[in-house]
Structure formats: C-alpha cells, structure tokens
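To keep things clear, I will list the structure first and then write my remarks on it.
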Amino acid sequence: MSDAAAEFDLGEAIPSPHVTALYGIDNVQDDEEMLRIFRRDVHRVILDVADERRKRDGKMQGGKVWPDLGATGIYVGVEYDGVNGGTMDMAWAEVTLATSPDHEALIDALYNLLYGNPKDDKKDVHSRPTPWMPHLSICYDNPENFGPNLTRSAIEHFIAKSCPTLDKAVDRNGRDVEFSRSVTGISLWKTAGLMSDWKCLDKIEFQ
C-alpha cells in the first residue's frame with residue numbers, strides 16, 4: 001500500500017490491507033457500544049455459521065472459519081458523489097475477489113446482527129446490497145487523476161514490479177486467475193475523517 005502511494009504520488013497510503021465485510025455501520029453511534037457488540041456477538045455469529053457449514057459438509061470439526069478468497073482480476077474505477085449511486089468522489093485500484101453461497105451466508109449473518117433481519121418486517125431494517133463484492137484495495141486517488149495517472153496498465157506494471165505474488169491476480173486474455181488468500185481474522189475500524197485518521201478499534205483472530 002505504501003509502495004502504491006509512492007508510485008502514484010498519492011500522499012496517503014491505505015492504513016492496512018483489508019477486504020471489507022460491511023461498510024458504513026451507522027446505526028450504532030457510540031464506539032463503546034460497537035466494541036461490545038463486536039467482542040460479544042460478531043465472533044459468535046461467524047462461528048455459528050461456520051458450524052452450520054461443517055454440519056452440512058459432514059465435518060464434525062476442522063475446516064476454515066471463513067472460506068478462502070480467490071481473485072478474479074484487477075479493476076481500476078472511479079465514482080462521483082450522487083452519480084449512479086456513488087457516495088463520494090474517488091478513483092481506486094483493486095484486486096477483485098469472488099463470493100460464494102458460503103461467503104454470502106456469513107455476510108447475511110453479520111448484516112442481520114447489526115441491522116436486523118429483513119424477515120422481521122421492521123421499518124428501520126436496512127436491505128443488504130447483494131451480492132457481496134469483496135475486493136482488496138491497492139490505492140485510492142482523487143477522481144481527476146483517473147485516466148492520466150491511475151490506469152489499468154499502470155497498475156499492472158506496478159504489480160509486476162512491486163508485488164509479483166499479486167501478478168497472478170491479473171487476468172490477461174481470459175487466462176485463469178490463480179491467486180487466493182486465507183482469511184485470518186476480522187477487525188473493527190473507525191474510518192471517520194482522512195485515511196490518516198482511520199483507527200483499528202479491535203481485531204478477532206480466527207483459530
């Protein structure tokens with residue numbers, strides 16, 4: 001992330017490599033209450049879904065808490081606040097990742113924990129955007145640099161030079177992408193303000 005920020009003269013690097021499960025948890029205003037929910041309920045909910053998956057697959061124990069994330073390619077995009085559903089002005093580059101029914105079950109469980117189950121027919125229940133669109137962001141930029149600076153070819157060149165492991169995630173001419181990563185835990189972040197203000201409040205490691 002730091003190398004990408006330096007390569008494209010971005011000023012700020014993404015604080016930590018991450019794949020976001022849920023964005024904008026805006027119905028819990030107090031950090032302490034959010035921490036209580038995270039520590040008390042999030043791990044339990046994830047483990048419950050993992051246990052259901054093991055029973056379905058005939059495994060009494062073992063297996064991964066969160067299924068691996070496999071890459072589907074590289075994407076460079078831009079959005080503008082208020083245009084086609086955009087919520088901010090930004091350009092970005094990412095490694096796109098694949099979802100699956102098992103991933104969707106985990107996201108459903110987390111969403112229902114924090115926002116309520118849509119089947120409860122409550123007016124304040126949010127509708128979860130589907131499908132989940134997991135991705136590993138490489139860098140963020142201002143949208144005016146989209147095109148002249150942050151291009152797909154520039155990102156591919158950067159990946160080949162600076163992180164050859166990720167080079168397998170670049171989908172060239174329909175070639176199968178051979179890149180996946182294990183999910184080792186889940187963390188809670190407060191992302192108010194600039195990227196330099198982002199703060200990791202807590203993290204749960206998967207055993």
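Following the order of the structure tokens, first chain is A, next is B, and so on, with residues numbered from 1 inside each chain and ligands from 1 in the order they appear.
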Residues of stretch 63-92 of chain A at most 10 Å from stretch 97-118 of chain A: nearest atom pair and distance in Å, only C-alpha atoms, as CSV:
```
residue,atom,partner,partner_atom,distance
A:Val65,CA,A:Leu106,CA,9.8
A:Trp66,CA,A:His103,CA,7.5
A:Pro67,CA,A:His103,CA,6.9
A:Asp68,CA,A:His103,CA,9.1
A:Leu69,CA,A:Leu97,CA,6.2
A:Gly70,CA,A:Leu97,CA,5.5
A:Ala71,CA,A:Leu97,CA,4.3
A:Thr72,CA,A:Leu97,CA,5.3
A:Gly73,CA,A:Leu97,CA,7.4
A:Ile74,CA,A:Leu97,CA,9.1
```
Skip A:Leu166 itself and residues of its chain fewer than 5 positions away, then list as a PyMOL selection string all residues within 12 Å of it, counting only C-alpha atoms.
chain A and resi 70-74+94-96+136+138+155-161+171+177-181
When you look at stretch 193-200 of chain A with a cut-off of 9 Å (counting only C-alpha atoms), what residues show up, excluding the ones that are within fewer than 6 positions of it in the same chain? I need them as a JSON list (two decimals) with N, CA, C and O atoms, in the first residue's frame.
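Contents of part_3.json, freshly written:
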```
[["chain", "number", "residue", "atom", "x", "y", "z"],
["A", 12, "GLU", "N", -1.17, 9.76, 0.69],
["A", 12, "GLU", "CA", -1.55, 8.87, 1.78],
["A", 12, "GLU", "C", -1.71, 7.44, 1.27],
["A", 12, "GLU", "O", -2.23, 7.21, 0.18],
["A", 13, "ALA", "N", -1.26, 6.49, 2.09],
["A", 13, "ALA", "CA", -1.44, 5.08, 1.77],
["A", 13, "ALA", "C", -2.61, 4.52, 2.58],
["A", 13, "ALA", "O", -2.93, 5.01, 3.67],
["A", 14, "ILE", "N", -3.27, 3.50, 2.04],
["A", 14, "ILE", "CA", -4.30, 2.79, 2.80],
["A", 14, "ILE", "C", -3.63, 2.22, 4.06],
["A", 14, "ILE", "O", -2.59, 1.58, 3.97],
["A", 15, "PRO", "N", -4.20, 2.48, 5.26],
["A", 15, "PRO", "CA", -3.52, 2.11, 6.51],
["A", 15, "PRO", "C", -3.19, 0.64, 6.66],
["A", 15, "PRO", "O", -2.18, 0.28, 7.24],
["A", 187, "SER", "N", -11.62, -7.46, 11.74],
["A", 187, "SER", "CA", -11.30, -6.31, 12.57],
["A", 187, "SER", "C", -12.39, -5.25, 12.45],
["A", 187, "SER", "O", -13.15, -5.21, 11.48]]
```
Using only C-alpha atoms, what does the table of stretch 132-170 of chain A residues within 12 Å of stretch 17-35 of chain A look like, with each row giving the shortest atom pair and its distance in Å to one decimal, sorted by chain and ascending number, as JSON lines?
```
{"residue": "A:Trp132", "atom": "CA", "partner": "A:Ala21", "partner_atom": "CA", "distance": 8.0}
{"residue": "A:Met133", "atom": "CA", "partner": "A:Ala21", "partner_atom": "CA", "distance": 8.9}
{"residue": "A:Pro134", "atom": "CA", "partner": "A:Val19", "partner_atom": "CA", "distance": 6.1}
{"residue": "A:His135", "atom": "CA", "partner": "A:Val19", "partner_atom": "CA", "distance": 5.6}
{"residue": "A:Leu136", "atom": "CA", "partner": "A:Val19", "partner_atom": "CA", "distance": 5.2}
{"residue": "A:Ser137", "atom": "CA", "partner": "A:His18", "partner_atom": "CA", "distance": 7.3}
{"residue": "A:Ile138", "atom": "CA", "partner": "A:Pro17", "partner_atom": "CA", "distance": 7.9}
{"residue": "A:Cys139", "atom": "CA", "partner": "A:Pro17", "partner_atom": "CA", "distance": 9.9}
```
Keeping only C-alpha atoms, write the selected residues as a compact mmCIF listing (two decimals), in the first residue's frame.
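Below is the file selection_9.txt, written as the result:
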```
# COMPACT_ATOMS: atom_id res chain seq x y z
CA TRP A 132 -21.23 -9.14 -1.65
CA MET A 133 -18.45 -7.60 -3.76
CA PRO A 134 -15.20 -8.44 -1.94
CA HIS A 135 -12.02 -6.74 -3.10
CA LEU A 136 -8.55 -5.87 -1.89
CA SER A 137 -7.95 -2.17 -2.49
CA ILE A 138 -4.46 -1.25 -3.63
CA CYS A 139 -4.79 2.54 -3.53
```
Backbone-only DSSP, alpha helix (DSSP H) members of stretch 75-198 of chain A, as a ChimeraX atom specification:
/A:101-115,152-162
Determine, counting only C-alpha atoms, which protein, DNA and RNA residues have an atom within 7 Å of an atom of stretch 89-91 of chain A; residues of the same chain fewer than 6 positions away are not included. Present the result as JSON, numbers by chain.
{"A": [77, 78, 79, 80, 81, 140, 141, 142, 143, 146]}
Deliver the residues from the most recent selection as a file, using all heavy atoms, as a compact mmCIF listing (two decimals), in the first residue's frame.
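Output below, filename result-v1.txt:
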```txt
# COMPACT_ATOMS: atom_id res chain seq x y z
N GLY A 77 -11.25 1.89 -11.13
CA GLY A 77 -12.53 2.57 -11.34
C GLY A 77 -12.57 3.95 -10.75
O GLY A 77 -11.63 4.42 -10.09
N VAL A 78 -13.70 4.63 -10.97
CA VAL A 78 -13.91 5.98 -10.46
C VAL A 78 -15.39 6.14 -10.15
O VAL A 78 -16.25 5.51 -10.78
CB VAL A 78 -13.46 7.04 -11.50
CG1 VAL A 78 -14.29 6.96 -12.76
CG2 VAL A 78 -13.49 8.46 -10.91
N GLU A 79 -15.70 6.93 -9.14
CA GLU A 79 -17.09 7.26 -8.85
C GLU A 79 -17.18 8.71 -8.39
O GLU A 79 -16.20 9.30 -7.91
CB GLU A 79 -17.70 6.34 -7.79
CG GLU A 79 -17.28 6.61 -6.36
CD GLU A 79 -18.12 5.82 -5.35
OE1 GLU A 79 -18.26 4.59 -5.52
OE2 GLU A 79 -18.61 6.45 -4.41
N TYR A 80 -18.38 9.28 -8.56
CA TYR A 80 -18.64 10.65 -8.15
C TYR A 80 -19.88 10.67 -7.27
O TYR A 80 -20.86 9.96 -7.54
CB TYR A 80 -18.85 11.55 -9.37
CG TYR A 80 -17.62 11.67 -10.24
CD1 TYR A 80 -17.45 10.82 -11.34
CD2 TYR A 80 -16.64 12.62 -9.98
CE1 TYR A 80 -16.31 10.92 -12.14
CE2 TYR A 80 -15.51 12.72 -10.78
CZ TYR A 80 -15.36 11.87 -11.85
OH TYR A 80 -14.23 11.96 -12.63
N ASP A 81 -19.82 11.47 -6.24
CA ASP A 81 -20.93 11.57 -5.30
C ASP A 81 -22.21 11.95 -6.02
O ASP A 81 -22.26 12.95 -6.75
CB ASP A 81 -20.58 12.61 -4.22
CG ASP A 81 -21.61 12.66 -3.10
OD1 ASP A 81 -22.39 11.69 -2.97
OD2 ASP A 81 -21.64 13.66 -2.36
N TYR A 140 -6.18 4.48 -3.27
CA TYR A 140 -7.25 5.43 -3.55
C TYR A 140 -6.63 6.70 -4.10
O TYR A 140 -5.50 7.05 -3.77
CB TYR A 140 -8.04 5.77 -2.29
CG TYR A 140 -8.65 4.59 -1.56
CD1 TYR A 140 -8.60 4.51 -0.17
CD2 TYR A 140 -9.28 3.57 -2.25
CE1 TYR A 140 -9.16 3.44 0.51
CE2 TYR A 140 -9.84 2.49 -1.58
CZ TYR A 140 -9.78 2.43 -0.20
OH TYR A 140 -10.32 1.37 0.48
N ASP A 141 -7.40 7.43 -4.93
CA ASP A 141 -6.90 8.67 -5.52
C ASP A 141 -8.08 9.62 -5.74
O ASP A 141 -9.24 9.22 -5.64
CB ASP A 141 -6.19 8.37 -6.84
CG ASP A 141 -5.28 9.50 -7.29
OD1 ASP A 141 -5.17 10.50 -6.56
OD2 ASP A 141 -4.67 9.37 -8.37
N ASN A 142 -7.76 10.86 -6.07
CA ASN A 142 -8.79 11.81 -6.46
C ASN A 142 -9.25 11.49 -7.88
O ASN A 142 -8.44 11.07 -8.71
CB ASN A 142 -8.25 13.24 -6.40
CG ASN A 142 -7.92 13.66 -4.99
OD1 ASN A 142 -8.67 13.39 -4.06
ND2 ASN A 142 -6.79 14.34 -4.82
N PRO A 143 -10.53 11.69 -8.18
CA PRO A 143 -11.03 11.27 -9.50
C PRO A 143 -10.41 12.02 -10.66
O PRO A 143 -10.39 11.51 -11.79
CB PRO A 143 -12.54 11.53 -9.40
CG PRO A 143 -12.69 12.51 -8.30
CD PRO A 143 -11.60 12.22 -7.32
N PHE A 146 -7.90 10.02 -12.45
CA PHE A 146 -8.32 8.80 -13.13
C PHE A 146 -8.09 8.98 -14.64
O PHE A 146 -8.60 9.92 -15.24
CB PHE A 146 -9.80 8.53 -12.86
CG PHE A 146 -10.33 7.30 -13.53
CD1 PHE A 146 -9.98 6.05 -13.07
CD2 PHE A 146 -11.19 7.39 -14.61
CE1 PHE A 146 -10.47 4.90 -13.68
CE2 PHE A 146 -11.69 6.26 -15.23
CZ PHE A 146 -11.32 5.01 -14.76
```
For A:Ile204, which residue out of A:Thr184, A:Thr191, A:Ser2, A:Thr165 is the nearest one, using only C-alpha atoms?
A:Thr184
Among the residues of stretch 128-187 of chain A, find those DSSP assigns to strand (DSSP E) from the backbone and print them as a compact mmCIF listing (two decimals) with N, CA, C and O atoms, in the first residue's frame.
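In the end it all went to states.txt:
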```txt
# COMPACT_ATOMS: atom_id res chain seq x y z
N HIS A 135 -13.18 -7.20 -2.32
CA HIS A 135 -12.02 -6.74 -3.10
C HIS A 135 -10.92 -6.28 -2.14
O HIS A 135 -11.18 -5.87 -1.02
N LEU A 136 -9.71 -6.35 -2.63
CA LEU A 136 -8.55 -5.87 -1.89
C LEU A 136 -8.10 -4.59 -2.57
O LEU A 136 -7.55 -4.60 -3.67
N SER A 137 -8.33 -3.46 -1.91
CA SER A 137 -7.95 -2.17 -2.49
C SER A 137 -6.44 -2.00 -2.44
O SER A 137 -5.79 -2.31 -1.44
N ILE A 138 -5.89 -1.51 -3.54
CA ILE A 138 -4.46 -1.25 -3.63
C ILE A 138 -4.16 0.21 -3.30
O ILE A 138 -3.22 0.52 -2.57
N CYS A 139 -4.97 1.11 -3.82
CA CYS A 139 -4.79 2.54 -3.53
C CYS A 139 -6.05 3.31 -3.87
O CYS A 139 -6.89 2.85 -4.64
N TYR A 140 -6.18 4.48 -3.27
CA TYR A 140 -7.25 5.43 -3.55
C TYR A 140 -6.63 6.70 -4.10
O TYR A 140 -5.50 7.05 -3.77
N ASP A 141 -7.40 7.43 -4.93
CA ASP A 141 -6.90 8.67 -5.52
C ASP A 141 -8.08 9.62 -5.74
O ASP A 141 -9.24 9.22 -5.64
N SER A 180 -5.28 -16.89 -4.36
CA SER A 180 -6.26 -16.89 -3.28
C SER A 180 -5.54 -16.66 -1.96
O SER A 180 -4.33 -16.89 -1.86
N ARG A 181 -6.29 -16.21 -0.98
CA ARG A 181 -5.73 -15.94 0.33
C ARG A 181 -6.67 -16.43 1.42
O ARG A 181 -7.89 -16.36 1.29
N GLY A 185 -8.77 -13.34 10.15
CA GLY A 185 -9.48 -12.70 11.24
C GLY A 185 -10.39 -11.62 10.71
O GLY A 185 -10.53 -11.42 9.50
N ILE A 186 -11.04 -10.94 11.63
CA ILE A 186 -11.92 -9.82 11.28
C ILE A 186 -11.64 -8.68 12.24
O ILE A 186 -11.41 -8.90 13.44
N SER A 187 -11.62 -7.46 11.74
CA SER A 187 -11.30 -6.31 12.57
C SER A 187 -12.39 -5.25 12.45
O SER A 187 -13.15 -5.21 11.48
```
Quick one: pull the distance between atom CA of A:Asn149 and atom CA of A:Lys190, Å, one decimal.
29.0 Å
Give me, as a PyMOL selection string, all polymer residues having an atom no more than 9 Å from A:Lys64, counting only C-alpha atoms and skipping those fewer than 5 positions away in the same chain.
chain A and resi 50+182-183+206-207
